[in-house]
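Below: run.cif (mmCIF, C-alpha atoms)
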data_target
loop_
_atom_site.group_PDB
_atom_site.id
_atom_site.type_symbol
_atom_site.label_atom_id
_atom_site.label_comp_id
_atom_site.auth_asym_id
_atom_site.auth_seq_id
_atom_site.Cartn_x
_atom_site.Cartn_y
_atom_site.Cartn_z
ATOM 1 C CA MET Q 1 41.784 17.328 77.850
ATOM 2 C CA THR Q 2 41.966 20.513 75.797
ATOM 3 C CA TYR Q 3 41.034 23.530 77.895
ATOM 4 C CA THR Q 4 39.752 26.703 76.270
ATOM 5 C CA THR Q 5 38.595 28.700 79.274
ATOM 6 C CA VAL Q 6 40.142 29.724 82.604
ATOM 7 C CA ILE Q 7 37.813 31.083 85.288
ATOM 8 C CA PHE Q 8 39.260 32.929 88.261
ATOM 9 C CA ASP Q 9 38.032 33.868 91.693
ATOM 10 C CA PHE Q 10 39.224 37.395 92.548
ATOM 11 C CA GLY Q 11 40.005 37.814 96.259
ATOM 12 C CA GLY Q 12 42.638 35.322 97.347
ATOM 13 C CA VAL Q 13 43.578 34.497 93.743
ATOM 14 C CA ILE Q 14 44.194 37.687 91.760
ATOM 15 C CA THR Q 15 44.802 39.427 95.089
ATOM 16 C CA ALA Q 16 46.358 38.203 98.317
ATOM 17 C CA SER Q 17 44.053 36.303 100.646
ATOM 18 C CA PRO Q 18 41.751 38.492 102.766
ATOM 19 C CA PHE Q 19 42.249 35.995 105.586
ATOM 20 C CA GLU Q 20 45.718 37.457 106.114
ATOM 21 C CA ALA Q 21 44.117 40.831 106.791
ATOM 22 C CA PHE Q 22 41.483 39.216 108.998
ATOM 23 C CA ASN Q 23 44.196 37.557 111.089
ATOM 24 C CA LYS Q 24 45.926 40.906 111.539
ATOM 25 C CA LEU Q 25 42.646 42.494 112.652
ATOM 26 C CA GLU Q 26 42.073 39.632 115.085
ATOM 27 C CA ALA Q 27 45.526 40.119 116.600
ATOM 28 C CA GLU Q 28 44.943 43.866 116.958
ATOM 29 C CA ARG Q 29 41.587 43.271 118.681
ATOM 30 C CA GLY Q 30 42.816 40.429 120.891
ATOM 31 C CA LEU Q 31 40.487 37.958 119.196
ATOM 32 C CA PRO Q 32 41.169 34.262 118.569
ATOM 33 C CA HIS Q 33 43.090 33.435 115.395
ATOM 34 C CA ASP Q 34 40.686 32.785 112.475
ATOM 35 C CA PHE Q 35 37.723 34.155 114.427
ATOM 36 C CA VAL Q 36 36.354 35.956 111.347
ATOM 37 C CA ARG Q 37 36.577 32.706 109.393
ATOM 38 C CA ARG Q 38 34.668 30.995 112.230
ATOM 39 C CA VAL Q 39 31.880 33.596 112.116
ATOM 40 C CA ASN Q 40 31.670 33.306 108.341
ATOM 41 C CA SER Q 41 31.461 29.515 108.448
ATOM 42 C CA SER Q 42 28.571 29.508 110.922
ATOM 43 C CA ASP Q 43 25.271 29.116 109.024
ATOM 44 C CA PRO Q 44 27.222 29.780 105.785
ATOM 45 C CA ASP Q 45 24.202 29.952 103.476
ATOM 46 C CA ASP Q 46 22.179 32.409 105.531
ATOM 47 C CA ASN Q 47 24.574 34.414 107.711
ATOM 48 C CA ALA Q 48 25.439 38.109 107.403
ATOM 49 C CA TRP Q 49 28.090 37.512 104.743
ATOM 50 C CA ALA Q 50 25.828 35.332 102.617
ATOM 51 C CA LYS Q 51 22.995 37.861 102.731
ATOM 52 C CA PHE Q 52 25.284 40.823 102.004
ATOM 53 C CA GLU Q 53 27.017 39.080 99.101
ATOM 54 C CA ARG Q 54 23.607 38.372 97.556
ATOM 55 C CA ALA Q 55 22.643 42.034 98.165
ATOM 56 C CA GLU Q 56 19.735 40.962 100.374
ATOM 57 C CA ILE Q 57 20.723 43.384 103.170
ATOM 58 C CA ASP Q 58 22.354 46.809 103.180
ATOM 59 C CA ALA Q 59 25.636 47.825 104.811
ATOM 60 C CA ALA Q 60 24.096 48.976 108.076
ATOM 61 C CA ALA Q 61 22.236 45.689 108.461
ATOM 62 C CA PHE Q 62 25.412 43.739 107.704
ATOM 63 C CA ASP Q 63 27.350 45.723 110.293
ATOM 64 C CA ALA Q 64 24.760 44.944 112.978
ATOM 65 C CA LEU Q 65 24.065 41.334 111.979
ATOM 66 C CA PHE Q 66 27.752 40.394 111.803
ATOM 67 C CA ALA Q 67 28.239 41.933 115.257
ATOM 68 C CA GLU Q 68 25.363 39.812 116.570
ATOM 69 C CA GLU Q 69 26.895 36.664 115.098
ATOM 70 C CA ALA Q 70 30.309 37.488 116.570
ATOM 71 C CA ARG Q 71 28.728 38.179 119.954
ATOM 72 C CA ALA Q 72 26.937 34.822 119.828
ATOM 73 C CA LEU Q 73 30.365 33.211 119.485
ATOM 74 C CA GLY Q 74 31.665 35.087 122.508
ATOM 75 C CA HIS Q 75 33.446 38.145 121.130
ATOM 76 C CA GLU Q 76 32.756 41.711 120.024
ATOM 77 C CA LEU Q 77 33.511 42.594 116.398
ATOM 78 C CA GLU Q 78 31.484 44.873 114.143
ATOM 79 C CA GLY Q 79 30.983 44.136 110.474
ATOM 80 C CA GLU Q 80 32.326 47.515 109.390
ATOM 81 C CA ALA Q 81 35.741 46.686 110.845
ATOM 82 C CA VAL Q 82 35.917 43.519 108.752
ATOM 83 C CA LEU Q 83 34.940 45.340 105.553
ATOM 84 C CA ALA Q 84 37.604 47.946 106.239
ATOM 85 C CA VAL Q 85 40.418 45.403 105.790
ATOM 86 C CA ILE Q 86 38.991 42.952 103.266
ATOM 87 C CA ALA Q 87 40.676 44.115 100.052
ATOM 88 C CA GLY Q 88 43.975 42.309 99.469
ATOM 89 C CA ALA Q 89 46.998 43.515 97.487
ATOM 90 C CA VAL Q 90 47.040 42.666 93.788
ATOM 91 C CA ARG Q 91 49.429 39.869 92.763
ATOM 92 C CA PRO Q 92 51.254 41.258 89.680
ATOM 93 C CA ALA Q 93 52.260 37.785 88.447
ATOM 94 C CA MET Q 94 48.608 36.742 88.313
ATOM 95 C CA VAL Q 95 47.738 39.818 86.264
ATOM 96 C CA ALA Q 96 50.630 39.014 83.902
ATOM 97 C CA ALA Q 97 49.243 35.491 83.564
ATOM 98 C CA LEU Q 98 45.863 36.928 82.546
ATOM 99 C CA ASP Q 99 47.558 38.862 79.744
ATOM 100 C CA THR Q 100 49.494 35.781 78.616
ATOM 101 C CA LEU Q 101 46.342 33.674 78.503
ATOM 102 C CA LYS Q 102 44.538 36.341 76.467
ATOM 103 C CA GLU Q 103 47.457 36.581 74.042
ATOM 104 C CA ARG Q 104 47.353 32.813 73.528
ATOM 105 C CA GLY Q 105 43.677 32.778 72.716
ATOM 106 C CA PHE Q 106 42.138 31.538 75.947
ATOM 107 C CA THR Q 107 38.815 32.836 77.196
ATOM 108 C CA ILE Q 108 39.245 34.217 80.726
ATOM 109 C CA ALA Q 109 36.482 35.009 83.181
ATOM 110 C CA CYS Q 110 35.881 35.819 86.839
ATOM 111 C CA ILE Q 111 33.326 34.648 89.403
ATOM 112 C CA THR Q 112 33.557 36.646 92.617
ATOM 113 C CA ASN Q 113 31.570 36.773 95.823
ATOM 114 C CA ASN Q 114 31.462 40.447 96.788
ATOM 115 C CA VAL Q 115 29.231 43.087 98.307
ATOM 116 C CA PRO Q 116 27.374 45.970 96.664
ATOM 117 C CA GLY Q 117 29.687 48.822 95.702
ATOM 118 C CA GLY Q 118 29.307 52.144 97.468
ATOM 119 C CA LYS Q 119 28.481 50.574 100.826
ATOM 120 C CA MET Q 120 30.607 51.639 103.813
ATOM 121 C CA GLY Q 121 33.207 53.078 101.464
ATOM 122 C CA VAL Q 122 33.566 49.843 99.486
ATOM 123 C CA ARG Q 123 34.347 50.520 95.846
ATOM 124 C CA GLY Q 124 33.716 48.130 92.984
ATOM 125 C CA ALA Q 125 34.179 44.412 92.441
ATOM 126 C CA GLY Q 126 37.412 44.166 94.423
ATOM 127 C CA MET Q 127 35.833 45.677 97.552
ATOM 128 C CA THR Q 128 38.577 48.299 97.758
ATOM 129 C CA ARG Q 129 38.495 51.406 99.962
ATOM 130 C CA SER Q 130 40.333 53.968 97.793
ATOM 131 C CA GLU Q 131 39.788 55.377 94.325
ATOM 132 C CA GLU Q 132 43.315 54.393 93.253
ATOM 133 C CA ALA Q 133 42.810 50.777 94.295
ATOM 134 C CA ALA Q 134 39.359 50.695 92.715
ATOM 135 C CA ASN Q 135 40.847 51.906 89.422
ATOM 136 C CA GLU Q 136 43.513 49.189 89.597
ATOM 137 C CA VAL Q 137 40.844 46.527 90.108
ATOM 138 C CA ALA Q 138 38.704 47.968 87.301
ATOM 139 C CA ALA Q 139 41.650 47.696 84.904
ATOM 140 C CA ILE Q 140 42.061 44.033 85.844
ATOM 141 C CA MET Q 141 38.349 43.299 85.523
ATOM 142 C CA ALA Q 142 38.372 44.810 82.024
ATOM 143 C CA ARG Q 143 40.675 41.982 80.906
ATOM 144 C CA PHE Q 144 38.032 39.310 81.517
ATOM 145 C CA ASP Q 145 35.637 38.217 78.797
ATOM 146 C CA HIS Q 146 32.908 38.070 81.420
ATOM 147 C CA VAL Q 147 32.564 38.749 85.157
ATOM 148 C CA ILE Q 148 29.857 37.489 87.512
ATOM 149 C CA GLU Q 149 29.577 39.310 90.848
ATOM 150 C CA SER Q 150 27.421 37.707 93.534
ATOM 151 C CA SER Q 151 26.090 41.091 94.636
ATOM 152 C CA LYS Q 152 24.709 41.715 91.134
ATOM 153 C CA ALA Q 153 23.678 38.163 90.230
ATOM 154 C CA GLY Q 154 21.862 37.505 93.505
ATOM 155 C CA VAL Q 155 23.568 34.115 93.811
ATOM 156 C CA ARG Q 156 26.918 33.296 95.409
ATOM 157 C CA LYS Q 157 29.497 30.531 95.455
ATOM 158 C CA PRO Q 158 29.321 27.657 96.276
ATOM 159 C CA ASP Q 159 25.836 27.553 94.702
ATOM 160 C CA PRO Q 160 26.335 25.510 91.490
ATOM 161 C CA ARG Q 161 24.061 27.898 89.609
ATOM 162 C CA ILE Q 162 26.718 30.608 89.489
ATOM 163 C CA TYR Q 163 29.171 28.315 87.668
ATOM 164 C CA GLU Q 164 26.437 27.173 85.300
ATOM 165 C CA MET Q 165 25.550 30.809 84.613
ATOM 166 C CA MET Q 166 29.142 31.473 83.577
ATOM 167 C CA CYS Q 167 29.283 28.480 81.238
ATOM 168 C CA GLU Q 168 25.988 29.492 79.639
ATOM 169 C CA LYS Q 169 27.165 33.077 79.169
ATOM 170 C CA LEU Q 170 30.448 32.001 77.586
ATOM 171 C CA GLY Q 171 28.865 29.186 75.571
ATOM 172 C CA VAL Q 172 31.303 26.568 76.882
ATOM 173 C CA GLU Q 173 31.084 23.143 78.502
ATOM 174 C CA PRO Q 174 32.400 22.780 82.082
ATOM 175 C CA ALA Q 175 34.865 20.105 80.955
ATOM 176 C CA THR Q 176 36.717 22.699 78.854
ATOM 177 C CA CYS Q 177 37.176 25.012 81.865
ATOM 178 C CA ILE Q 178 39.782 25.402 84.583
ATOM 179 C CA TYR Q 179 38.573 27.084 87.768
ATOM 180 C CA LEU Q 180 40.791 28.688 90.450
ATOM 181 C CA ASP Q 181 39.627 29.617 93.966
ATOM 182 C CA ASP Q 182 41.290 29.942 97.356
ATOM 183 C CA LEU Q 183 38.410 28.158 99.118
ATOM 184 C CA GLY Q 184 37.949 24.431 98.780
ATOM 185 C CA ILE Q 185 34.207 24.778 99.374
ATOM 186 C CA ASN Q 186 34.017 26.860 96.179
ATOM 187 C CA CYS Q 187 36.230 24.485 94.172
ATOM 188 C CA LYS Q 188 34.050 21.456 94.958
ATOM 189 C CA PRO Q 189 30.936 22.411 92.923
ATOM 190 C CA ALA Q 190 33.120 23.495 89.994
ATOM 191 C CA SER Q 191 34.799 20.083 90.043
ATOM 192 C CA GLN Q 192 31.467 18.281 90.354
ATOM 193 C CA LEU Q 193 30.228 20.080 87.231
ATOM 194 C CA GLY Q 194 33.271 18.786 85.343
ATOM 195 C CA MET Q 195 35.705 21.692 85.586
ATOM 196 C CA HIS Q 196 39.355 21.172 86.485
ATOM 197 C CA ALA Q 197 39.490 22.934 89.857
ATOM 198 C CA ILE Q 198 42.660 24.374 91.393
ATOM 199 C CA LYS Q 199 42.647 25.341 95.071
ATOM 200 C CA VAL Q 200 44.907 28.364 95.473
ATOM 201 C CA THR Q 201 47.191 28.593 98.501
ATOM 202 C CA SER Q 202 49.662 31.085 97.010
ATOM 203 C CA GLY Q 203 50.245 32.927 93.774
ATOM 204 C CA GLU Q 204 53.277 30.793 92.968
ATOM 205 C CA GLN Q 205 51.417 27.522 93.567
ATOM 206 C CA ALA Q 206 48.432 28.689 91.510
ATOM 207 C CA LEU Q 207 50.583 29.556 88.505
ATOM 208 C CA ALA Q 208 52.535 26.306 88.763
ATOM 209 C CA ASP Q 209 49.354 24.210 88.880
ATOM 210 C CA LEU Q 210 47.727 26.208 86.090
ATOM 211 C CA SER Q 211 50.849 25.867 83.926
ATOM 212 C CA ALA Q 212 50.853 22.108 84.493
ATOM 213 C CA ALA Q 213 47.142 21.769 83.624
ATOM 214 C CA LEU Q 214 47.559 23.784 80.412
ATOM 215 C CA GLY Q 215 50.908 22.222 79.494
ATOM 216 C CA MET Q 216 52.472 25.637 78.938
ATOM 217 C CA PRO Q 217 54.660 28.004 80.943
ATOM 218 C CA LEU Q 218 53.175 31.071 82.571
ATOM 219 C CA PRO Q 219 55.162 34.046 83.935
#

Representation of the structure as structure tokens:
Amino acid sequence: MTYTTVIFDFGGVITASPFEAFNKLEAERGLPHDFVRRVNSSDPDDNAWAKFERAEIDAAAFDALFAEEARALGHELEGEAVLAVIAGAVRPAMVAALDTLKERGFTIACITNNVPGGKMGVRGAGMTRSEEAANEVAAIMARFDHVIESSKAGVRKPDPRIYEMMCEKLGVEPATCIYLDDLGINCKPASQLGMHAIKVTSGEQALADLSAALGMPLP
């Protein structure tokens, strides 16, 4: 198969996984390991995260609704505290890979589930909390030929429509695309549409698997 297009998730792929930050928050609060992941996986299509990432509720409503969901699972945790730690550190090797792919003529794109910018101090597509970090993310986003943000599109992964929207925008067939995401639930619909999906567990693994799929070395 000849691939022409590489589509990236942002958090957990271009940046370190937010789950690392969630685990640190859980330890600081005396909460069970992966508690945030547990809240987010409960009623995944209609919970606080899903609604916020589709921009159906504002920040204050997310803060309260997430707290209600956490309380229903037996612990106290406000949504604002989770947003405060969500932005992961940029992986420089992944950014270098973006530049290499562009230089070699590949189309590169990004599909990201995020929340509306400007809410609770969140800035831009990378959900950063400082102007410096937001500028760093903006410079990365400018490299992509197209970006779809759930908070602007009103649809979020793993809804197949968001992958179809990207293919339509780029004018490509799914079979010519490679898709990278740190969540298996988001890789599945991409694969079912015909994309070559890569589940990311680390930056090194992602680059190795992408290099193998393309048959070319990446930095």

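Of the residues under consideration (Q:Asp209, Q:Pro158, Q:Lys51, Q:Val6), Q:Val6 shows the shortest atom-to-atom contact distance to His146 (chain Q) when counting all atoms listed in the file.
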
Nearest candidate to Lys102 (chain Q) (options Q:Thr176, Q:Ser191, Q:Thr5, Q:Thr201; using all atoms listed in the file): Q:Thr5

Output of the PyMOL selection byres ((chain Q and resi 153) around 10), listed as a list of chain:residue names: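 Applied to this file, the PyMOL selection byres ((chain Q and resi 153) around 10) returns Q:Glu53, Q:Arg54, Q:Ala55, Q:Asn113, Q:Ile148, Q:Glu149, Q:Ser150, Q:Ser151, Q:Lys152, Q:Gly154, Q:Val155, Q:Arg156, Q:Ile162, Q:Met165.
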
CA of Phe8 (chain Q) to CA of Ala109 (chain Q), straight-line distance in Å: 6.2 Å

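When all atoms listed in the file are used to measure the gap to Lys24 (chain Q), the shortest distance among Q:Val85, Q:Ala64, Q:Val39, Q:Ala50 belongs to Q:Val85.
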
Length of the CA of Ala212 (chain Q) to CA of Asp159 (chain Q) vector [Å]: 27.6 Å

Within 10 Å of region 11-23 of chain Q, which residues of region 138-212 of chain Q show up? Give each one with its shortest atom-to-atom distance in Å (one decimal) and the two atoms involved, counting only C-alpha atoms, rows by chain then rising residue number, as CSV.
residue,atom,partner,partner_atom,distance
Q:Ile140,CA,Q:Ile14,CA,8.9
Q:Leu180,CA,Q:Val13,CA,7.2
Q:Asp181,CA,Q:Val13,CA,6.3
Q:Asp182,CA,Q:Gly12,CA,5.5
Q:Leu183,CA,Q:Gly12,CA,8.5
Q:Lys199,CA,Q:Val13,CA,9.3
Q:Val200,CA,Q:Val13,CA,6.5
Q:Thr201,CA,Q:Gly12,CA,8.2
Q:Ser202,CA,Q:Val13,CA,7.7
Q:Gly203,CA,Q:Val13,CA,6.8
Q:Ala206,CA,Q:Val13,CA,7.9

Generate a file of the selected residues that holds C-alpha atoms, formatted as a short mmCIF file (atom, residue, chain, number, x, y, z; two decimals), keeping the file's coordinate frame.
data_model
loop_
_atom_site.label_atom_id
_atom_site.label_comp_id
_atom_site.auth_asym_id
_atom_site.auth_seq_id
_atom_site.Cartn_x
_atom_site.Cartn_y
_atom_site.Cartn_z
CA ILE Q 140 42.06 44.03 85.84
CA LEU Q 180 40.79 28.69 90.45
CA ASP Q 181 39.63 29.62 93.97
CA ASP Q 182 41.29 29.94 97.36
CA LEU Q 183 38.41 28.16 99.12
CA LYS Q 199 42.65 25.34 95.07
CA VAL Q 200 44.91 28.36 95.47
CA THR Q 201 47.19 28.59 98.50
CA SER Q 202 49.66 31.08 97.01
CA GLY Q 203 50.24 32.93 93.77
CA ALA Q 206 48.43 28.69 91.51
#

12 Å contact set for Val36 (chain Q), all atoms listed in the file, chain neighbours under 5 positions out, as a PyMOL selection string: chain Q and resi 18-27+29+31+41-42+48-49+66-67+69-71+73+75-79+81-83+85-86

Chain and number of each residue from the PyMOL selection byres ((chain Q and resi 194) around 6), as a ChimeraX atom specification: /Q:174-175,191-193,195

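Between CA of Phe35 (chain Q) and CA of Ile111 (chain Q) the interatomic distance comes to 25.4 Å.
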
Nearby residues (all atoms listed in the file) at most 9 Å from Arg143 (chain Q), same-chain spacing under 4 positions excluded, as a list in words: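 Answer for this query is Leu98, Asp99, Lys102, Ile108, Ala109, Ala138 and Ala139 of chain Q.
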
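Using only C-alpha atoms for every distance, the candidate list Q:Val147, Q:Ala89, Q:Leu65, Q:Ile198 yields Q:Ala89 as the residue closest to Ala134 (chain Q).
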